[in-house]
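Structure first, then comments.
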Amino acid sequence: MDFKPTTIAEFQCHAIETLLREFPSLKTGGFNSRIEGRVATPAVFLELTEFSYPELVASTDYTLNCQFSLKLVGSSLVDDPVVQLEDLAIKVSRFIRGNRWGIYAEPAEILTSSADEFSPHDEAYRVWEIRFAQTIAISENQALIEA
């Protein structure tokens with residue numbers, strides 16, 4: 001396996017692609033959890049919600065402590081929608097926990113996993129949020145450096 005530093009965007013794309021491959025029942029994946037129009041469900045959306053620099057690390061080091069919000073979106077129109085979404089959340093969180101995604105990263109740590117009753121979303125959907133933290137080696141973005 002080719003381990004190398006990555007950009008946040010590359011990490012998110014890689015994580016979403018990995019989840020879609022690992023869980024074939026997922027029909028949609030992306031970065032923005034705002035539901036506009038109809039979304040094929042179940043769906044997964046991943047967002048970087050927070051980052052910080054590790055203490056006692058040289059300023060030239062591009063390691064970041066990252067926190068992510070992964071939203072699982074299920075349909076309210078299926079039989080037992082709550083049970084189905086909870087079951088998927090358990091399976092996905094088990095997969096994320098300890099995962100290094102094939103990059104320079106510490107094992108992922110699940111921070112919380114809960115129903116997201118406060119997200120503004122269509123009544124046709126149910127949302128579950130899994131928050132996880134991971135320290136990742138981030139590479140410089142050449143486009144930003146050259147600008």
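Residue numbering restarts at 1 in every chain; chains get A, B, ... in the order shown in the structure tokens, and ligands count up from 1 in that same order.
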Give me the stretch 84-110 of chain A side of the contact with stretch 136-139 of chain A, cut-off 12 Å, one line per residue showing its nearest atom pair and distance in Å at one decimal, counting only C-alpha atoms, sorted by chain and residue number, as a tab-separated table.
residue	atom	partner	partner_atom	distance
A:Asn99	CA	A:Ile136	CA	11.7
A:Arg100	CA	A:Ile136	CA	8.9
A:Trp101	CA	A:Ile136	CA	10.2
A:Gly102	CA	A:Ile136	CA	11.1
A:Ile103	CA	A:Ile136	CA	8.0
A:Tyr104	CA	A:Ala137	CA	5.5
A:Ala105	CA	A:Ile136	CA	4.3
A:Glu106	CA	A:Ile136	CA	6.6
A:Pro107	CA	A:Ile136	CA	9.3
A:Ala108	CA	A:Ile136	CA	9.5
| field | DSSP helix (DSSP H, G or I) selection over chain A, as a ChimeraX atom specification | value | /A:8-22,81-96,142-146
| task | Tell me which of A:Asp80, A:Ser25, A:Thr41, A:Gln134 sits closest to A:Ile8, counting only C-alpha atoms. | result | A:Gln134
Give the strand (DSSP E or B) residues of stretch 21-71 of chain A, as DSSP finds them on the backbone, and put them as a PDB file with C-alpha atoms, in the first residue's frame.
ATOM      1  CA  THR A  28     -24.865   8.718  -2.476  1.00  0.00           C
ATOM      2  CA  GLY A  29     -21.670  10.201  -1.048  1.00  0.00           C
ATOM      3  CA  GLY A  30     -20.369  13.730  -0.825  1.00  0.00           C
ATOM      4  CA  ALA A  43     -26.310   8.515   1.758  1.00  0.00           C
ATOM      5  CA  VAL A  44     -23.094   9.562   3.471  1.00  0.00           C
ATOM      6  CA  PHE A  45     -21.676  13.083   3.769  1.00  0.00           C
ATOM      7  CA  LEU A  46     -18.303  13.929   5.307  1.00  0.00           C
ATOM      8  CA  GLU A  47     -17.176  17.327   6.567  1.00  0.00           C
ATOM      9  CA  LEU A  48     -14.071  18.593   8.339  1.00  0.00           C
ATOM     10  CA  THR A  49     -15.497  20.442  11.347  1.00  0.00           C
ATOM     11  CA  GLU A  50     -12.370  21.368  13.270  1.00  0.00           C
ATOM     12  CA  PHE A  51      -8.599  21.133  13.123  1.00  0.00           C
ATOM     13  CA  SER A  52      -5.662  22.079  15.307  1.00  0.00           C
ATOM     14  CA  THR A  63       0.383  17.061  10.844  1.00  0.00           C
ATOM     15  CA  LEU A  64      -3.135  18.140  11.833  1.00  0.00           C
ATOM     16  CA  ASN A  65      -5.490  16.949  14.548  1.00  0.00           C
ATOM     17  CA  CYS A  66      -8.771  16.786  12.628  1.00  0.00           C
ATOM     18  CA  GLN A  67     -12.362  16.318  13.675  1.00  0.00           C
ATOM     19  CA  PHE A  68     -14.910  15.162  11.146  1.00  0.00           C
ATOM     20  CA  SER A  69     -18.675  14.954  11.042  1.00  0.00           C
ATOM     21  CA  LEU A  70     -20.019  12.066   9.009  1.00  0.00           C
ATOM     22  CA  LYS A  71     -23.756  12.253   8.362  1.00  0.00           C
TER      23      LYS A  71
END
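Shortest atom-to-atom contact with A:Ala9 among A:Phe31, A:Ala115, A:Glu55, A:Gln84: A:Phe31, counting only C-alpha atoms.
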| request: Determine the nearest neighbour of A:Pro24 from the options A:Pro81, A:Ser76, A:Leu88, A:Asp116, counting only C-alpha atoms. | output: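 Once distances to A:Pro24 are computed over only C-alpha atoms, the minimum belongs to A:Leu88.
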| What separation in Å, quoted to one decimal, exists between atom CA of A:Val82 and atom CA of A:Arg126? |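 Atom-to-atom, atom CA of A:Val82 to atom CA of A:Arg126, that is 7.6 Å.
Nearest residue to A:Val78, choosing from A:Leu56, A:Val39, A:Ala124, A:Leu111 and counting only C-alpha atoms: A:Ala124.
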| query | What gap, in Å, lies between atom CA of A:Leu19 and atom CA of A:Glu129? | reply | 14.8 Å
| Distance of atom CA of A:His14 from atom CA of A:Leu85, expressed in Å to one decimal place | 22.9 Å
